[in-house]
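Here the structure is laid out as C-alpha cells; the discussion comes afterwards.
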Amino acid sequence: MKRMKTALVVGANGGVGGETCMALLRHGWHVRALARRPGHGAEGVEWVQGNAMLAADVVRAADGVDVIVHAVNPPGYRGWETLVLPMLENTIAAAKAAGARIVLPGTIYNYGLDAFPVLTEAAPQHPVSRKGELRVAMEQRLAQAANEGTPVLILRCGDFISPRNTGNSWFTQGLVKAGARVRAVNYPGPPELGHAWAYLPDVAETLARLLDRADELEPFASFHFGGYWLDGHQLLDAVRAATGDASVRAARFPWWMVALAQPFVETLRELWKMRYLWKSEARLEEAKLRGFLGEVPRTPVVEAVRSALVGAGCL
C-alpha cells in the first residue's frame, strides 16, 4: 500500500497557505497546518498550534513530513526586516530534520528594472527595494540549503486575486474597497499598462501538480506562473462583468495620500516602495512551467474576479 505523503503548511491562515491546504487535500496528501491561532479551513486539515518564529515549534510540527510549504508573511508589510529571515531559518532547520522539501511562493519583488519587461527564471535579480532585497536573500539562503541536501521548489507569481479577504491583496485593499459595493476601480498605474495577476486557487493547484511529480524536479527548482496579464482597461471590464454593473468607473489610485502618510505608517511606507511595479511592465514568462506540466490551471478571469469580490464582501 502506498504511503500517504504529509505536508506542513506554515502560514495556513493566509491566502496562499489556505488555498494550498485545500489543493493538497484534493491530491491525496495529509495536510498539517501550523498557526498561532488554529483556523477552521478545509475539512481534514490537522491543525498544530505554534509560532513560526519559534524554531522548536516548527521542528515539532514538521516531524515526519515530506514537504514544508513556507507561506508565512508578516501582515500588512510590517516587520519584514526582523521577521522574514528568522522564520525562513526555522523552516530550513525543520526541513533538514525531517528530510523534507521546502516550497516557497515567490514574488516579483526580487527584480529591478534591468529584468523588465519579460521575467524568465534566469532573469537577474537586482531589487530596488529593501523588501526585494529580503526576498532575494531568502532565495539565496534556500539555494544554499538545496546545495546542502534540502530540495527546494519556488513558484513565482504576480499580485494575488484571492477568494478570501486576507488583508494583503492589492486587488481588495487598493483597487476596490473590501466590504463595500464596487463603484470604481482605482488603478495604480497608467490604464494602458499591463500587470501580472495570479488567482490563488490556480496557484495552489499548480503547486500540488508540481509536487505530484516531485521526483522529477531539480534540487533547486524554480518556475514562473504567468496567471493573467491585464491592463487597466481589461481589469475594469472584468470587474464590470463580474458585478454585472456597467457603471463601475475607472479611477486613479490615490498615490498622493500614500506619499503624505507613508512617513508615519509602515504599511504605506512599504507600499510606496512598490510603486515602481505600477510604472513599468513586468510579465512572468511561464514557458518552463508549461513545458513541465503541459497544462497550467487557469480559471476564467471574470470568475476569479467575482470570487474575489464575494470574498471581500463587495458582492
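Residue numbering restarts at 1 in every chain; chains get A, B, ... in the order shown in the C-alpha cells, and ligands count up from 1 in that same order.
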Give me, as a PDB file with N, CA, C and O atoms, in the first residue's frame, all polymer residues having an atom no more than 7 Å from Val48 of chain A, counting only C-alpha atoms and skipping those fewer than 2 positions away in the same chain.
ATOM      1  N   ALA A  33      -1.163  21.894   9.475  1.00  0.00           N
ATOM      2  CA  ALA A  33      -1.073  23.359   9.377  1.00  0.00           C
ATOM      3  C   ALA A  33      -0.585  23.942  10.693  1.00  0.00           C
ATOM      4  O   ALA A  33      -1.142  23.647  11.760  1.00  0.00           O
ATOM      5  N   LEU A  34       0.448  24.747  10.628  1.00  0.00           N
ATOM      6  CA  LEU A  34       0.988  25.411  11.809  1.00  0.00           C
ATOM      7  C   LEU A  34       0.476  26.843  11.862  1.00  0.00           C
ATOM      8  O   LEU A  34       0.594  27.593  10.896  1.00  0.00           O
ATOM      9  N   ALA A  35      -0.094  27.232  12.983  1.00  0.00           N
ATOM     10  CA  ALA A  35      -0.605  28.603  13.139  1.00  0.00           C
ATOM     11  C   ALA A  35      -0.665  28.947  14.617  1.00  0.00           C
ATOM     12  O   ALA A  35      -0.874  28.077  15.465  1.00  0.00           O
ATOM     13  N   PRO A  38      -5.016  28.339  15.455  1.00  0.00           N
ATOM     14  CA  PRO A  38      -5.514  27.322  14.523  1.00  0.00           C
ATOM     15  C   PRO A  38      -6.833  27.721  13.900  1.00  0.00           C
ATOM     16  O   PRO A  38      -7.746  28.196  14.577  1.00  0.00           O
ATOM     17  N   GLU A  46      -5.010  18.886   9.705  1.00  0.00           N
ATOM     18  CA  GLU A  46      -4.563  18.691  11.084  1.00  0.00           C
ATOM     19  C   GLU A  46      -3.899  19.981  11.564  1.00  0.00           C
ATOM     20  O   GLU A  46      -2.803  20.319  11.138  1.00  0.00           O
ATOM     21  N   GLY A  50       1.249  26.815  17.097  1.00  0.00           N
ATOM     22  CA  GLY A  50       2.663  27.120  17.219  1.00  0.00           C
ATOM     23  C   GLY A  50       2.996  28.418  16.521  1.00  0.00           C
ATOM     24  O   GLY A  50       2.168  29.007  15.822  1.00  0.00           O
ATOM     25  N   ALA A  61       6.251  20.539  14.601  1.00  0.00           N
ATOM     26  CA  ALA A  61       5.146  20.391  13.649  1.00  0.00           C
ATOM     27  C   ALA A  61       5.574  19.651  12.391  1.00  0.00           C
ATOM     28  O   ALA A  61       4.756  19.006  11.738  1.00  0.00           O
TER      29      ALA A  61
END
* Asked: How many Å lie between atom CA of Ala214 of chain A and atom CA of Gly291 of chain A, rounded to one decimal?
  ->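 Spanning atom CA of Ala214 of chain A to atom CA of Gly291 of chain A is a straight-line distance of 15.1 Å.
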* strand (DSSP E) positions in segment 49-272 of chain A, given as a ChimeraX atom specification -> /A:49,67-70,101-106,118-119,152-156,159-161,184-187,195-199,220-224,228-230,249-252
* Skip Val84 of chain A itself and residues of its chain fewer than 4 positions away, then list as a list in words all residues within 12 Å of it, counting only C-alpha atoms. =>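 Here the answer would be Ala52, Met53, His70, Ala71, Val72, Asn73, Pro74, Pro75, Tyr77, Arg78, Gly79, Trp80, Leu88, Glu89, Asn90, Thr91, Arg130, Lys131, Gly132, Glu133, Leu134, Arg135, Val136, Ala137, Met138, Glu139 and Arg141 of chain A.
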* Who sits within 8 Å of Lys5 of chain A, only C-alpha atoms, same chain under 4 positions skipped, as an NGL selection string -> :A and (28-30 or 65-66)
* To do: Kindly give the distance, in Å, that separates atom CA of Ala56 of chain A and atom CA of Leu142 of chain A, rounded to a single decimal.
  => 19.7 Å
* **Residues near Ala208 of chain A, cut-off 7 Å, only C-alpha atoms, skip fewer than 4 positions along chain, as a PyMOL selection string** => chain A and resi 23-24+27+204+212
Would you save the residues of that selection, restricted to N, CA and C atoms, as an mmCIF file, in the first residue's frame?
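Result saved to part_21.cif:
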data_model
loop_
_atom_site.group_PDB
_atom_site.id
_atom_site.type_symbol
_atom_site.label_atom_id
_atom_site.label_comp_id
_atom_site.auth_asym_id
_atom_site.auth_seq_id
_atom_site.Cartn_x
_atom_site.Cartn_y
_atom_site.Cartn_z
ATOM 1 N N ALA A 23 -5.759 22.408 -1.956
ATOM 2 C CA ALA A 23 -5.281 21.743 -3.166
ATOM 3 C C ALA A 23 -4.568 20.436 -2.826
ATOM 4 N N LEU A 24 -3.737 20.449 -1.795
ATOM 5 C CA LEU A 24 -3.019 19.234 -1.418
ATOM 6 C C LEU A 24 -3.975 18.158 -0.910
ATOM 7 N N HIS A 27 -5.369 16.360 -3.732
ATOM 8 C CA HIS A 27 -4.393 15.499 -4.381
ATOM 9 C C HIS A 27 -3.961 14.334 -3.496
ATOM 10 N N ALA A 204 -2.341 27.377 -6.154
ATOM 11 C CA ALA A 204 -2.275 26.224 -5.256
ATOM 12 C C ALA A 204 -2.389 24.910 -6.016
ATOM 13 N N ASP A 212 3.159 16.521 -7.134
ATOM 14 C CA ASP A 212 2.824 15.164 -7.586
ATOM 15 C C ASP A 212 3.986 14.554 -8.374
#
Assign secondary structure with DSSP using the backbone only, and return the residues of segment 139-296 of chain A in helix (DSSP H, G or I) as a JSON list (two decimals) with N, CA, C and O atoms, in the first residue's frame.
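Written output follows (part-v4.json):
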[["chain", "number", "residue", "atom", "x", "y", "z"],
["A", 139, "GLU", "N", 15.80, 33.57, -1.14],
["A", 139, "GLU", "CA", 16.04, 32.58, -2.18],
["A", 139, "GLU", "C", 17.51, 32.15, -2.22],
["A", 139, "GLU", "O", 17.82, 30.98, -2.51],
["A", 140, "GLN", "N", 18.43, 33.07, -1.90],
["A", 140, "GLN", "CA", 19.83, 32.69, -1.83],
["A", 140, "GLN", "C", 20.06, 31.70, -0.69],
["A", 140, "GLN", "O", 20.82, 30.74, -0.83],
["A", 141, "ARG", "N", 19.38, 31.93, 0.41],
["A", 141, "ARG", "CA", 19.50, 31.01, 1.55],
["A", 141, "ARG", "C", 18.91, 29.65, 1.21],
["A", 141, "ARG", "O", 19.46, 28.60, 1.61],
["A", 142, "LEU", "N", 17.82, 29.63, 0.46],
["A", 142, "LEU", "CA", 17.22, 28.37, 0.04],
["A", 142, "LEU", "C", 18.11, 27.63, -0.95],
["A", 142, "LEU", "O", 18.19, 26.40, -0.93],
["A", 143, "ALA", "N", 18.77, 28.38, -1.83],
["A", 143, "ALA", "CA", 19.70, 27.75, -2.77],
["A", 143, "ALA", "C", 20.84, 27.08, -2.01],
["A", 143, "ALA", "O", 21.29, 25.98, -2.36],
["A", 144, "GLN", "N", 21.30, 27.73, -0.95],
["A", 144, "GLN", "CA", 22.35, 27.14, -0.11],
["A", 144, "GLN", "C", 21.84, 25.86, 0.55],
["A", 144, "GLN", "O", 22.54, 24.84, 0.58],
["A", 145, "ALA", "N", 20.60, 25.91, 1.04],
["A", 145, "ALA", "CA", 20.01, 24.72, 1.67],
["A", 145, "ALA", "C", 19.89, 23.58, 0.66],
["A", 145, "ALA", "O", 20.14, 22.40, 0.99],
["A", 146, "ALA", "N", 19.52, 23.92, -0.58],
["A", 146, "ALA", "CA", 19.41, 22.90, -1.62],
["A", 146, "ALA", "C", 20.77, 22.26, -1.91],
["A", 146, "ALA", "O", 20.89, 21.05, -2.09],
["A", 147, "ASN", "N", 21.82, 23.07, -1.93],
["A", 147, "ASN", "CA", 23.17, 22.55, -2.14],
["A", 147, "ASN", "C", 23.60, 21.63, -1.00],
["A", 147, "ASN", "O", 24.45, 20.75, -1.19],
["A", 170, "TRP", "N", -3.44, 43.57, -3.17],
["A", 170, "TRP", "CA", -3.62, 44.82, -3.90],
["A", 170, "TRP", "C", -5.04, 44.93, -4.42],
["A", 170, "TRP", "O", -5.63, 46.01, -4.42],
["A", 171, "PHE", "N", -5.59, 43.79, -4.85],
["A", 171, "PHE", "CA", -6.88, 43.84, -5.51],
["A", 171, "PHE", "C", -7.98, 44.32, -4.57],
["A", 171, "PHE", "O", -8.74, 45.23, -4.91],
["A", 172, "THR", "N", -8.07, 43.73, -3.39],
["A", 172, "THR", "CA", -9.17, 44.07, -2.49],
["A", 172, "THR", "C", -8.80, 45.14, -1.46],
["A", 172, "THR", "O", -9.68, 45.60, -0.73],
["A", 173, "GLN", "N", -7.55, 45.55, -1.41],
["A", 173, "GLN", "CA", -7.16, 46.60, -0.47],
["A", 173, "GLN", "C", -6.78, 47.89, -1.17],
["A", 173, "GLN", "O", -6.62, 48.93, -0.52],
["A", 174, "GLY", "N", -6.62, 47.84, -2.50],
["A", 174, "GLY", "CA", -6.22, 49.03, -3.22],
["A", 174, "GLY", "C", -7.13, 49.37, -4.38],
["A", 174, "GLY", "O", -7.62, 50.50, -4.51],
["A", 175, "LEU", "N", -7.38, 48.38, -5.25],
["A", 175, "LEU", "CA", -8.17, 48.66, -6.45],
["A", 175, "LEU", "C", -9.65, 48.81, -6.15],
["A", 175, "LEU", "O", -10.34, 49.62, -6.78],
["A", 200, "LEU", "N", -5.34, 32.68, -6.66],
["A", 200, "LEU", "CA", -4.71, 31.78, -5.70],
["A", 200, "LEU", "C", -5.13, 30.31, -5.83],
["A", 200, "LEU", "O", -4.28, 29.43, -5.67],
["A", 201, "PRO", "N", -6.41, 29.99, -6.08],
["A", 201, "PRO", "CA", -6.72, 28.57, -6.28],
["A", 201, "PRO", "C", -5.95, 27.95, -7.44],
["A", 201, "PRO", "O", -5.57, 26.77, -7.38],
["A", 202, "ASP", "N", -5.70, 28.72, -8.50],
["A", 202, "ASP", "CA", -4.90, 28.21, -9.62],
["A", 202, "ASP", "C", -3.44, 28.01, -9.20],
["A", 202, "ASP", "O", -2.79, 27.03, -9.60],
["A", 203, "VAL", "N", -2.92, 28.95, -8.42],
["A", 203, "VAL", "CA", -1.54, 28.84, -7.93],
["A", 203, "VAL", "C", -1.39, 27.58, -7.07],
["A", 203, "VAL", "O", -0.45, 26.80, -7.23],
["A", 204, "ALA", "N", -2.34, 27.38, -6.15],
["A", 204, "ALA", "CA", -2.27, 26.22, -5.26],
["A", 204, "ALA", "C", -2.39, 24.91, -6.02],
["A", 204, "ALA", "O", -1.68, 23.94, -5.73],
["A", 205, "GLU", "N", -3.28, 24.87, -7.00],
["A", 205, "GLU", "CA", -3.43, 23.66, -7.80],
["A", 205, "GLU", "C", -2.14, 23.38, -8.58],
["A", 205, "GLU", "O", -1.72, 22.22, -8.72],
["A", 206, "THR", "N", -1.50, 24.44, -9.06],
["A", 206, "THR", "CA", -0.22, 24.27, -9.77],
["A", 206, "THR", "C", 0.84, 23.71, -8.85],
["A", 206, "THR", "O", 1.60, 22.79, -9.23],
["A", 207, "LEU", "N", 0.92, 24.21, -7.62],
["A", 207, "LEU", "CA", 1.88, 23.68, -6.65],
["A", 207, "LEU", "C", 1.63, 22.20, -6.39],
["A", 207, "LEU", "O", 2.57, 21.40, -6.33],
["A", 208, "ALA", "N", 0.36, 21.84, -6.23],
["A", 208, "ALA", "CA", 0.03, 20.44, -5.97],
["A", 208, "ALA", "C", 0.44, 19.55, -7.14],
["A", 208, "ALA", "O", 0.96, 18.45, -6.94],
["A", 209, "ARG", "N", 0.22, 20.02, -8.36],
["A", 209, "ARG", "CA", 0.60, 19.23, -9.53],
["A", 209, "ARG", "C", 2.12, 19.09, -9.63],
["A", 209, "ARG", "O", 2.64, 18.03, -10.03],
["A", 210, "LEU", "N", 2.84, 20.15, -9.29],
["A", 210, "LEU", "CA", 4.30, 20.06, -9.29],
["A", 210, "LEU", "C", 4.78, 19.06, -8.25],
["A", 210, "LEU", "O", 5.69, 18.25, -8.51],
["A", 211, "LEU", "N", 4.17, 19.08, -7.08],
["A", 211, "LEU", "CA", 4.58, 18.16, -6.02],
["A", 211, "LEU", "C", 4.19, 16.72, -6.33],
["A", 211, "LEU", "O", 4.83, 15.79, -5.83],
["A", 212, "ASP", "N", 3.16, 16.52, -7.13],
["A", 212, "ASP", "CA", 2.82, 15.16, -7.59],
["A", 212, "ASP", "C", 3.99, 14.55, -8.37],
["A", 212, "ASP", "O", 4.11, 13.33, -8.45],
["A", 214, "ALA", "N", 7.31, 15.44, -7.83],
["A", 214, "ALA", "CA", 8.48, 15.95, -7.12],
["A", 214, "ALA", "C", 9.75, 15.20, -7.47],
["A", 214, "ALA", "O", 10.85, 15.79, -7.50],
["A", 215, "ASP", "N", 9.64, 13.92, -7.77],
["A", 215, "ASP", "CA", 10.82, 13.12, -8.09],
["A", 215, "ASP", "C", 11.50, 13.59, -9.37],
["A", 215, "ASP", "O", 12.68, 13.27, -9.61],
["A", 216, "GLU", "N", 10.77, 14.36, -10.19],
["A", 216, "GLU", "CA", 11.33, 14.83, -11.46],
["A", 216, "GLU", "C", 11.92, 16.25, -11.34],
["A", 216, "GLU", "O", 12.48, 16.77, -12.31],
["A", 232, "GLY", "N", -5.22, 48.17, -17.33],
["A", 232, "GLY", "CA", -6.29, 48.77, -16.53],
["A", 232, "GLY", "C", -7.65, 48.67, -17.18],
["A", 232, "GLY", "O", -8.66, 48.48, -16.50],
["A", 233, "HIS", "N", -7.70, 48.79, -18.51],
["A", 233, "HIS", "CA", -8.98, 48.69, -19.22],
["A", 233, "HIS", "C", -9.55, 47.28, -19.12],
["A", 233, "HIS", "O", -10.76, 47.11, -18.87],
["A", 234, "GLN", "N", -8.70, 46.28, -19.29],
["A", 234, "GLN", "CA", -9.16, 44.89, -19.23],
["A", 234, "GLN", "C", -9.62, 44.52, -17.82],
["A", 234, "GLN", "O", -10.61, 43.80, -17.64],
["A", 235, "LEU", "N", -8.91, 45.03, -16.82],
["A", 235, "LEU", "CA", -9.31, 44.74, -15.45],
["A", 235, "LEU", "C", -10.65, 45.39, -15.12],
["A", 235, "LEU", "O", -11.51, 44.79, -14.48],
["A", 236, "LEU", "N", -10.84, 46.61, -15.58],
["A", 236, "LEU", "CA", -12.12, 47.30, -15.39],
["A", 236, "LEU", "C", -13.24, 46.52, -16.05],
["A", 236, "LEU", "O", -14.33, 46.33, -15.46],
["A", 237, "ASP", "N", -13.02, 46.03, -17.27],
["A", 237, "ASP", "CA", -14.03, 45.24, -17.96],
["A", 237, "ASP", "C", -14.36, 43.97, -17.17],
["A", 237, "ASP", "O", -15.53, 43.57, -17.09],
["A", 238, "ALA", "N", -13.34, 43.34, -16.59],
["A", 238, "ALA", "CA", -13.57, 42.11, -15.81],
["A", 238, "ALA", "C", -14.39, 42.40, -14.56],
["A", 238, "ALA", "O", -15.28, 41.63, -14.19],
["A", 239, "VAL", "N", -14.13, 43.52, -13.91],
["A", 239, "VAL", "CA", -14.90, 43.89, -12.72],
["A", 239, "VAL", "C", -16.34, 44.22, -13.09],
["A", 239, "VAL", "O", -17.29, 43.82, -12.40],
["A", 240, "ARG", "N", -16.52, 44.95, -14.19],
["A", 240, "ARG", "CA", -17.89, 45.25, -14.64],
["A", 240, "ARG", "C", -18.66, 43.97, -14.96],
["A", 240, "ARG", "O", -19.83, 43.83, -14.58],
["A", 241, "ALA", "N", -18.00, 43.03, -15.62],
["A", 241, "ALA", "CA", -18.66, 41.77, -15.95],
["A", 241, "ALA", "C", -18.96, 40.96, -14.69],
["A", 241, "ALA", "O", -20.02, 40.35, -14.57],
["A", 242, "ALA", "N", -18.04, 40.97, -13.74],
["A", 242, "ALA", "CA", -18.21, 40.19, -12.51],
["A", 242, "ALA", "C", -19.33, 40.76, -11.64],
["A", 242, "ALA", "O", -20.06, 40.00, -10.98],
["A", 243, "THR", "N", -19.48, 42.07, -11.64],
["A", 243, "THR", "CA", -20.51, 42.70, -10.83],
["A", 243, "THR", "C", -21.83, 42.83, -11.57],
["A", 243, "THR", "O", -22.88, 43.06, -10.96],
["A", 255, "TRP", "N", -2.16, 57.81, -4.95],
["A", 255, "TRP", "CA", -0.77, 57.74, -4.51],
["A", 255, "TRP", "C", -0.38, 58.96, -3.68],
["A", 255, "TRP", "O", 0.50, 58.88, -2.81],
["A", 256, "TRP", "N", -1.01, 60.09, -3.94],
["A", 256, "TRP", "CA", -0.67, 61.31, -3.19],
["A", 256, "TRP", "C", -0.96, 61.14, -1.70],
["A", 256, "TRP", "O", -0.21, 61.64, -0.85],
["A", 257, "MET", "N", -2.03, 60.40, -1.40],
["A", 257, "MET", "CA", -2.34, 60.14, 0.01],
["A", 257, "MET", "C", -1.30, 59.23, 0.64],
["A", 257, "MET", "O", -0.90, 59.43, 1.80],
["A", 258, "VAL", "N", -0.85, 58.23, -0.13],
["A", 258, "VAL", "CA", 0.19, 57.33, 0.36],
["A", 258, "VAL", "C", 1.47, 58.11, 0.61],
["A", 258, "VAL", "O", 2.14, 57.92, 1.64],
["A", 259, "ALA", "N", 1.80, 59.04, -0.31],
["A", 259, "ALA", "CA", 3.02, 59.84, -0.16],
["A", 259, "ALA", "C", 2.98, 60.67, 1.12],
["A", 259, "ALA", "O", 3.99, 60.79, 1.83],
["A", 260, "LEU", "N", 1.82, 61.23, 1.43],
["A", 260, "LEU", "CA", 1.71, 62.07, 2.63],
["A", 260, "LEU", "C", 1.78, 61.24, 3.91],
["A", 260, "LEU", "O", 2.38, 61.67, 4.91],
["A", 261, "ALA", "N", 1.18, 60.05, 3.89],
["A", 261, "ALA", "CA", 1.07, 59.26, 5.12],
["A", 261, "ALA", "C", 2.22, 58.29, 5.33],
["A", 261, "ALA", "O", 2.45, 57.85, 6.47],
["A", 266, "GLU", "N", 3.98, 52.29, 8.58],
["A", 266, "GLU", "CA", 4.91, 51.36, 7.96],
["A", 266, "GLU", "C", 4.31, 50.65, 6.75],
["A", 266, "GLU", "O", 4.97, 50.49, 5.72],
["A", 267, "THR", "N", 3.05, 50.24, 6.84],
["A", 267, "THR", "CA", 2.42, 49.54, 5.72],
["A", 267, "THR", "C", 2.42, 50.42, 4.48],
["A", 267, "THR", "O", 2.75, 49.97, 3.38],
["A", 268, "LEU", "N", 2.06, 51.69, 4.64],
["A", 268, "LEU", "CA", 2.03, 52.60, 3.50],
["A", 268, "LEU", "C", 3.44, 52.93, 3.01],
["A", 268, "LEU", "O", 3.66, 53.15, 1.82],
["A", 269, "ARG", "N", 4.38, 52.95, 3.92],
["A", 269, "ARG", "CA", 5.77, 53.21, 3.53],
["A", 269, "ARG", "C", 6.28, 52.09, 2.63],
["A", 269, "ARG", "O", 6.94, 52.34, 1.62],
["A", 270, "GLU", "N", 5.96, 50.85, 2.97],
["A", 270, "GLU", "CA", 6.37, 49.71, 2.14],
["A", 270, "GLU", "C", 5.60, 49.70, 0.82],
["A", 270, "GLU", "O", 6.13, 49.32, -0.22],
["A", 271, "LEU", "N", 4.33, 50.10, 0.88],
["A", 271, "LEU", "CA", 3.52, 50.18, -0.34],
["A", 271, "LEU", "C", 4.13, 51.20, -1.31],
["A", 271, "LEU", "O", 4.18, 50.96, -2.53],
["A", 272, "TRP", "N", 4.57, 52.32, -0.78],
["A", 272, "TRP", "CA", 5.16, 53.37, -1.59],
["A", 272, "TRP", "C", 6.40, 52.86, -2.34],
["A", 272, "TRP", "O", 6.63, 53.21, -3.51],
["A", 273, "LYS", "N", 7.17, 52.01, -1.68],
["A", 273, "LYS", "CA", 8.38, 51.48, -2.30],
["A", 273, "LYS", "C", 8.07, 50.54, -3.47],
["A", 273, "LYS", "O", 8.93, 50.29, -4.31],
["A", 274, "MET", "N", 6.85, 50.01, -3.50],
["A", 274, "MET", "CA", 6.47, 49.08, -4.57],
["A", 274, "MET", "C", 5.86, 49.81, -5.77],
["A", 274, "MET", "O", 5.43, 49.18, -6.73],
["A", 275, "ARG", "N", 5.86, 51.14, -5.74],
["A", 275, "ARG", "CA", 5.20, 51.90, -6.80],
["A", 275, "ARG", "C", 5.83, 51.65, -8.17],
["A", 275, "ARG", "O", 5.16, 51.72, -9.20],
["A", 276, "TYR", "N", 7.13, 51.31, -8.18],
["A", 276, "TYR", "CA", 7.81, 51.10, -9.47],
["A", 276, "TYR", "C", 7.18, 49.98, -10.27],
["A", 276, "TYR", "O", 7.26, 49.97, -11.50],
["A", 277, "LEU", "N", 6.52, 49.02, -9.59],
["A", 277, "LEU", "CA", 5.89, 47.91, -10.29],
["A", 277, "LEU", "C", 4.63, 48.35, -11.03],
["A", 277, "LEU", "O", 4.07, 47.57, -11.83],
["A", 278, "TRP", "N", 4.16, 49.56, -10.76],
["A", 278, "TRP", "CA", 2.99, 50.10, -11.47],
["A", 278, "TRP", "C", 3.39, 51.17, -12.48],
["A", 278, "TRP", "O", 2.53, 51.78, -13.11],
["A", 287, "ALA", "N", 6.87, 29.63, -19.84],
["A", 287, "ALA", "CA", 7.16, 28.56, -20.80],
["A", 287, "ALA", "C", 7.75, 27.33, -20.10],
["A", 287, "ALA", "O", 7.41, 26.19, -20.44],
["A", 288, "LYS", "N", 8.60, 27.53, -19.12],
["A", 288, "LYS", "CA", 9.20, 26.40, -18.41],
["A", 288, "LYS", "C", 8.13, 25.61, -17.66],
["A", 288, "LYS", "O", 8.14, 24.37, -17.68],
["A", 289, "LEU", "N", 7.20, 26.32, -17.03],
["A", 289, "LEU", "CA", 6.13, 25.65, -16.29],
["A", 289, "LEU", "C", 5.24, 24.85, -17.23],
["A", 289, "LEU", "O", 4.88, 23.69, -16.95],
["A", 290, "ARG", "N", 4.86, 25.45, -18.36],
["A", 290, "ARG", "CA", 4.03, 24.74, -19.34],
["A", 290, "ARG", "C", 4.77, 23.54, -19.91],
["A", 290, "ARG", "O", 4.17, 22.48, -20.15],
["A", 291, "GLY", "N", 6.07, 23.69, -20.12],
["A", 291, "GLY", "CA", 6.85, 22.58, -20.64],
["A", 291, "GLY", "C", 6.89, 21.40, -19.68],
["A", 291, "GLY", "O", 6.94, 20.25, -20.10],
["A", 292, "PHE", "N", 6.85, 21.70, -18.39],
["A", 292, "PHE", "CA", 6.92, 20.64, -17.37],
["A", 292, "PHE", "C", 5.55, 20.02, -17.13],
["A", 292, "PHE", "O", 5.40, 18.80, -17.11],
["A", 293, "LEU", "N", 4.52, 20.86, -16.95],
["A", 293, "LEU", "CA", 3.19, 20.35, -16.61],
["A", 293, "LEU", "C", 2.34, 20.05, -17.84],
["A", 293, "LEU", "O", 1.40, 19.25, -17.77]]
Spatial neighbours of Asp63 of chain A, max dist 7 Å, only C-alpha atoms, sep filter under 3 positions, as a compact mmCIF listing (two decimals) with C-alpha atoms, in the first residue's frame:
# COMPACT_ATOMS: atom_id res chain seq x y z
CA VAL A 59 10.57 21.39 14.08
CA ARG A 60 7.88 19.73 16.21
CA ALA A 98 12.54 15.86 8.67
* Which neighbours of Ala304 of chain A fall inside 9 Å, counting only C-alpha atoms, when residues of the same chain fewer than 5 positions from it are skipped, and could you give them as a PyMOL selection string? -> chain A and resi 161-163+199+242+299+309
Quick one: write out the picked residues with N, CA and C atoms as a compact mmCIF listing (two decimals), in the first residue's frame?
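Below is the file out_11.txt, written as the result:
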# COMPACT_ATOMS: atom_id res chain seq x y z
N ILE A 161 -5.08 37.50 -6.70
CA ILE A 161 -6.54 37.63 -6.66
C ILE A 161 -7.01 36.44 -5.85
N SER A 162 -7.63 36.71 -4.70
CA SER A 162 -7.94 35.65 -3.76
C SER A 162 -9.42 35.59 -3.45
N PRO A 163 -9.98 34.39 -3.34
CA PRO A 163 -11.39 34.27 -2.94
C PRO A 163 -11.62 34.54 -1.46
N TYR A 199 -4.52 34.06 -9.67
CA TYR A 199 -5.67 33.61 -8.88
C TYR A 199 -5.20 32.49 -7.96
N ALA A 242 -18.04 40.97 -13.74
CA ALA A 242 -18.21 40.19 -12.51
C ALA A 242 -19.33 40.76 -11.64
N THR A 299 -8.35 29.62 -14.28
CA THR A 299 -9.76 29.93 -14.13
C THR A 299 -10.10 31.15 -14.98
N LEU A 309 -14.39 39.31 -5.25
CA LEU A 309 -15.30 40.34 -4.78
C LEU A 309 -16.30 39.78 -3.76
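Candidate residues A:Cys21, A:Ile68, A:Val296, A:Ala62 were compared for distance to Arg101 of chain A, and the nearest is A:Ile68, using only C-alpha atoms.
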* Enter the distance from atom CA of Arg306 of chain A to atom CA of Leu230 of chain A, in Å, rounded to one decimal. => 15.6 Å
